[in-house]
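Encoded as structure tokens, the structure appears first; notes follow it.
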Amino acid sequence: MAMISIFSHTAAEFAEAHTILHGKGKLHALQLYRQFMKKGIWEESDPMFKNAGHLFEKISNSTDRELLSVSSLLEEGDTVKLILSTPDGFLIESVVIPMQHGKTLCVSSQVGCRMGCTFCETGRMGLLRNLEPSEIVRQVYHAHIHLGHAINNIVFMGMGEPFDNYDSVMKAIDILTDQNGLAFGMGNITVSTSGKLEAVYRLAEDQARGINLAISLNAVQSDLRSKLMPHNRKEGLDAIYKAIFNYNQKKNREVLVGYVLMKGINDSLEHAQSLVEFLQGLRIKVNLIPYNPQRNDRFKRPEEIAIERFSNHLQAAGLKVLYRKTKGTSIMAACGQLGGKKQPSDLSKEN
Ligand code: SF4
């Protein structure tokens, strides 16, 4: 029998697919979707199944509701790192991060990433493959429902460049925000890009998806940004400025500008002043993220005093600044710095 993946569909699509497959059962499928996605319950307890046990069986036997298997679950300070394994053997990471107002889940959109940012663990892996919408939804479902973390916000800042997998990310967002399912608010979801600007323009035209946009900037000196983020050679700072400006106008929303502070690289007062000048005329909030040192890393986290000096300079110039000292938030640096786990291909190279 054809299997219908619950994690690949909105409630309406799921109910429709079962109706086509079985010739009936739309409301029954909808009810099962609702209780499974909201509470993790898959059973025929609802009165509508009283004389419809056969339908319950048919829908159950043709629904794939398998979670991804857990490769490891790590607690680091106040964060929880969830490493899931895909059926073809890749590892994907998501991180539960406690914030002032509830928990944020940082999810991955790809296995690896092709953008090659030099400070990023995921970038060093290269792109292994895109994640399917269901694999993105499963990360959220696992943390939120299966482990009961009661997630408030979702940020696409894990492994991968979300706009390099645009359609799957948008499909996952439609499933995550379905009122008959997980029911996250569009405003509780943030997608972070390293600067894939065609997608920024595309999202600016998408009035149905009121998600938050973050752009990882990290430097406003062209040479320095190209060293940190090689994609800057294709889509540079002028183009980024125009794309943010257009987004502000079209969506009437501010953009979160990510700035990973790296000691001795981009953390001086001169860098802060250049950032202030670059951002003039844009509706933005700056998200300052001290670098999270990795294995054998040549990049370092600045001293606390340097971070504060940088932050104070931006605020004195009238910029809104987000800087959370909470332990663990540095894990969420830009759209990367996850992905330090070995993938099967790495292991085979060593053997
Ligand atoms: S920072 Fe983001 S875009 Fe850059 S390599 Fe890492 S995951 Fe990819």
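All residue names refer to the structure tokens as shown: chains lettered A, B, ... in order, residues numbered from 1 in each chain, ligands numbered from 1 in order.
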Contacts of range 43-60 of chain A at 8 Å (only C-alpha atoms; same-chain gap of 2+ positions) as a PyMOL selection string = chain A and resi 18+22+25+28-29+32+41+62-63
Using N, CA, C and O atoms, can you write the selected residues to a file as an mmCIF file, in the first residue's frame?
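What ended up in result_3.cif:
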data_model
loop_
_atom_site.group_PDB
_atom_site.id
_atom_site.type_symbol
_atom_site.label_atom_id
_atom_site.label_comp_id
_atom_site.auth_asym_id
_atom_site.auth_seq_id
_atom_site.Cartn_x
_atom_site.Cartn_y
_atom_site.Cartn_z
ATOM 1 N N HIS A 18 -5.472 10.721 1.961
ATOM 2 C CA HIS A 18 -6.141 9.510 2.469
ATOM 3 C C HIS A 18 -7.500 9.303 1.809
ATOM 4 O O HIS A 18 -7.899 8.166 1.550
ATOM 5 N N HIS A 22 -8.338 5.841 0.020
ATOM 6 C CA HIS A 22 -9.334 4.913 0.574
ATOM 7 C C HIS A 22 -10.765 5.186 0.090
ATOM 8 O O HIS A 22 -11.685 4.462 0.468
ATOM 9 N N GLY A 25 -12.930 8.975 4.430
ATOM 10 C CA GLY A 25 -12.096 9.103 5.641
ATOM 11 C C GLY A 25 -11.463 10.464 5.833
ATOM 12 O O GLY A 25 -10.538 10.600 6.628
ATOM 13 N N HIS A 28 -11.810 11.724 9.428
ATOM 14 C CA HIS A 28 -11.074 10.821 10.332
ATOM 15 C C HIS A 28 -9.568 11.082 10.228
ATOM 16 O O HIS A 28 -8.874 11.150 11.242
ATOM 17 N N ALA A 29 -9.103 11.242 9.009
ATOM 18 C CA ALA A 29 -7.670 11.509 8.816
ATOM 19 C C ALA A 29 -7.296 12.848 9.441
ATOM 20 O O ALA A 29 -6.247 12.979 10.082
ATOM 21 N N LEU A 32 -7.041 12.483 13.195
ATOM 22 C CA LEU A 32 -5.817 11.773 13.603
ATOM 23 C C LEU A 32 -4.597 12.685 13.454
ATOM 24 O O LEU A 32 -3.701 12.703 14.304
ATOM 25 N N ILE A 41 -0.517 11.776 19.979
ATOM 26 C CA ILE A 41 -1.414 10.644 20.218
ATOM 27 C C ILE A 41 -1.919 10.094 18.889
ATOM 28 O O ILE A 41 -2.426 10.856 18.049
ATOM 29 N N SER A 62 -1.486 3.077 6.348
ATOM 30 C CA SER A 62 -0.943 3.795 5.191
ATOM 31 C C SER A 62 -0.338 5.142 5.591
ATOM 32 O O SER A 62 -0.125 6.015 4.751
ATOM 33 N N THR A 63 -0.085 5.330 6.886
ATOM 34 C CA THR A 63 0.550 6.588 7.335
ATOM 35 C C THR A 63 1.949 6.306 7.879
ATOM 36 O O THR A 63 2.113 5.500 8.795
#
inquiry  = Using only C-alpha atoms, which protein or nucleic acid residues come within 12 Å of range 268-276 of chain A? Drop anything in the same chain fewer than 3 positions from it, and give the result as a ChimeraX atom specification.
reply    = /A:217-222,224-225,237,241,257-259,261-265,279-282,284-286,288,302-303,305-321
request  = Taking the chain letters and numbering used in this document, name the residues of range 238-322 of chain A that DSSP puts in helix (DSSP H, G or I), as a PyMOL selection string.
outcome  = chain A and resi 238-251+269-278+304-316
request  = Name all residues at most 7 Å from Ala214 in chain A (count only C-alpha atoms; drop same-chain ones fewer than 2 positions away) and give them as a list in words.
outcome  = Thr190, Val191, Ser192, Thr193, Asn212, Ser216, Val255, Leu256, Val257 and Gly258 of chain A
ask   = Of the residues A:Met1, A:Ile83, A:Leu128, A:Ala11, which is the one nearest to ligand 1, using only C-alpha atoms and all ligand atoms?
value =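 Ranking A:Met1, A:Ile83, A:Leu128, A:Ala11 by distance to ligand 1, first place goes to A:Leu128.
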inquiry  = Could you check the closest approach to Val111 in chain A for each of A:Arg124, A:Lys227, A:Arg65, A:Lys234 and tell me which residue wins, using only C-alpha atoms?
reply    = A:Arg124
query = Pick the closest to ligand 1 from A:Tyr141, A:Phe90, A:Phe156, A:Phe245: which is it, counting only C-alpha atoms and all ligand atoms?
reply =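 Between A:Tyr141, A:Phe90, A:Phe156, A:Phe245, the residue approaching ligand 1 most closely is A:Phe156.
Using only C-alpha atoms and all ligand atoms for every distance, the candidate list A:Val95, A:Ala208, A:Met125, A:Ile289 yields A:Met125 as the residue closest to ligand 1.
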Contacts of Ser109 in chain A at 12 Å (only C-alpha atoms; same-chain gap of 6+ positions) as a ChimeraX atom specification = /A:91-94,122,127-140,155-173,191-193,335-336,338-339
Output for the residues just chosen: N, CA and C atoms as a CSV table (one decimal), in the first residue's frame:
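Writing done, so here's again27.csv:
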chain,number,residue,atom,x,y,z
A,91,LEU,N,23.9,12.6,9.6
A,91,LEU,CA,23.5,13.2,10.9
A,91,LEU,C,23.1,14.6,10.8
A,92,ILE,N,22.0,15.0,11.4
A,92,ILE,CA,21.6,16.4,11.4
A,92,ILE,C,21.4,16.9,12.9
A,93,GLU,N,21.8,18.1,13.1
A,93,GLU,CA,21.7,18.6,14.4
A,93,GLU,C,20.6,19.7,14.6
A,94,SER,N,20.0,19.6,15.7
A,94,SER,CA,19.1,20.8,16.2
A,94,SER,C,19.4,21.0,17.6
A,122,THR,N,30.0,23.8,9.6
A,122,THR,CA,29.2,23.2,8.5
A,122,THR,C,29.8,23.5,7.2
A,127,LEU,N,28.5,20.7,0.8
A,127,LEU,CA,27.1,20.3,0.8
A,127,LEU,C,27.0,18.8,0.6
A,128,LEU,N,26.4,18.0,1.4
A,128,LEU,CA,26.2,16.6,1.2
A,128,LEU,C,24.8,16.3,0.6
A,129,ARG,N,23.8,16.9,1.2
A,129,ARG,CA,22.5,16.9,0.5
A,129,ARG,C,21.5,17.9,1.2
A,130,ASN,N,20.4,18.2,0.4
A,130,ASN,CA,19.3,19.0,1.0
A,130,ASN,C,18.5,18.2,1.9
A,131,LEU,N,17.9,18.8,2.9
A,131,LEU,CA,16.9,18.1,3.7
A,131,LEU,C,15.5,18.2,3.1
A,132,GLU,N,14.8,17.1,3.2
A,132,GLU,CA,13.4,17.1,2.8
A,132,GLU,C,12.5,17.9,3.8
A,133,PRO,N,11.4,18.5,3.3
A,133,PRO,CA,10.5,19.2,4.3
A,133,PRO,C,10.2,18.3,5.5
A,134,SER,N,10.0,17.0,5.3
A,134,SER,CA,9.6,16.1,6.4
A,134,SER,C,10.8,16.0,7.4
A,135,GLU,N,12.0,16.1,6.9
A,135,GLU,CA,13.2,16.0,7.8
A,135,GLU,C,13.3,17.2,8.7
A,136,ILE,N,12.9,18.4,8.1
A,136,ILE,CA,12.9,19.6,8.9
A,136,ILE,C,11.8,19.6,10.0
A,137,VAL,N,10.6,19.2,9.5
A,137,VAL,CA,9.5,19.1,10.4
A,137,VAL,C,9.8,18.1,11.6
A,138,ARG,N,10.4,16.9,11.2
A,138,ARG,CA,10.7,15.9,12.2
A,138,ARG,C,11.6,16.5,13.3
A,139,GLN,N,12.5,17.3,13.0
A,139,GLN,CA,13.4,17.9,14.0
A,139,GLN,C,12.6,18.7,15.0
A,140,VAL,N,11.6,19.5,14.5
A,140,VAL,CA,10.8,20.3,15.4
A,140,VAL,C,9.9,19.3,16.2
A,155,VAL,N,14.3,28.8,14.8
A,155,VAL,CA,15.3,29.6,13.9
A,155,VAL,C,16.0,28.6,13.0
A,156,PHE,N,16.0,29.0,11.7
A,156,PHE,CA,16.8,28.2,10.8
A,156,PHE,C,18.2,28.7,10.8
A,157,MET,N,19.0,28.3,11.8
A,157,MET,CA,20.3,28.8,11.9
A,157,MET,C,21.2,27.6,12.2
A,158,GLY,N,20.7,26.4,11.9
A,158,GLY,CA,21.5,25.2,12.1
A,158,GLY,C,22.4,24.9,10.9
A,159,MET,N,22.6,23.6,10.6
A,159,MET,CA,23.4,23.3,9.4
A,159,MET,C,22.7,23.7,8.1
A,160,GLY,N,23.5,24.4,7.3
A,160,GLY,CA,22.9,24.7,5.9
A,160,GLY,C,22.5,26.1,5.7
A,161,GLU,N,22.5,26.5,4.4
A,161,GLU,CA,22.0,27.8,4.0
A,161,GLU,C,20.5,27.5,3.6
A,162,PRO,N,19.6,28.0,4.4
A,162,PRO,CA,18.1,27.7,4.2
A,162,PRO,C,17.7,28.1,2.8
A,163,PHE,N,18.2,29.2,2.2
A,163,PHE,CA,17.8,29.7,0.9
A,163,PHE,C,18.4,28.9,-0.2
A,164,ASP,N,19.3,28.0,0.1
A,164,ASP,CA,19.8,27.1,-0.9
A,164,ASP,C,18.9,25.9,-1.0
A,165,ASN,N,17.9,25.8,-0.2
A,165,ASN,CA,16.9,24.8,-0.2
A,165,ASN,C,15.5,25.4,0.1
A,166,TYR,N,15.3,26.5,-0.7
A,166,TYR,CA,14.2,27.4,-0.5
A,166,TYR,C,12.8,26.7,-0.4
A,167,ASP,N,12.5,25.9,-1.5
A,167,ASP,CA,11.2,25.3,-1.5
A,167,ASP,C,10.9,24.4,-0.4
A,168,SER,N,11.9,23.6,0.0
A,168,SER,CA,11.7,22.6,1.1
A,168,SER,C,11.5,23.4,2.4
A,169,VAL,N,12.3,24.4,2.6
A,169,VAL,CA,12.2,25.2,3.8
A,169,VAL,C,10.8,25.8,3.9
A,170,MET,N,10.3,26.4,2.8
A,170,MET,CA,9.0,27.1,2.8
A,170,MET,C,7.9,26.0,3.0
A,171,LYS,N,8.0,24.9,2.4
A,171,LYS,CA,7.0,23.8,2.6
A,171,LYS,C,7.0,23.4,4.1
A,172,ALA,N,8.2,23.2,4.7
A,172,ALA,CA,8.3,22.9,6.1
A,172,ALA,C,7.6,23.9,6.9
A,173,ILE,N,7.8,25.2,6.6
A,173,ILE,CA,7.2,26.3,7.4
A,173,ILE,C,5.6,26.2,7.2
A,191,VAL,N,14.2,32.8,9.5
A,191,VAL,CA,15.1,32.1,8.6
A,191,VAL,C,16.3,33.0,8.4
A,192,SER,N,17.5,32.4,8.5
A,192,SER,CA,18.8,33.2,8.4
A,192,SER,C,19.5,32.8,7.2
A,193,THR,N,19.9,33.8,6.4
A,193,THR,CA,20.7,33.5,5.2
A,193,THR,C,22.0,34.2,5.3
A,335,CYS,N,24.3,31.2,10.6
A,335,CYS,CA,23.5,30.0,10.2
A,335,CYS,C,24.5,28.8,10.2
A,336,GLY,N,25.3,28.8,11.2
A,336,GLY,CA,26.3,27.7,11.1
A,336,GLY,C,26.9,27.4,12.5
A,338,LEU,N,27.2,24.6,13.7
A,338,LEU,CA,26.8,23.3,14.0
A,338,LEU,C,27.5,22.4,13.0
A,339,GLY,N,27.2,21.1,13.0
A,339,GLY,CA,27.7,20.2,12.0
A,339,GLY,C,29.1,19.7,12.3
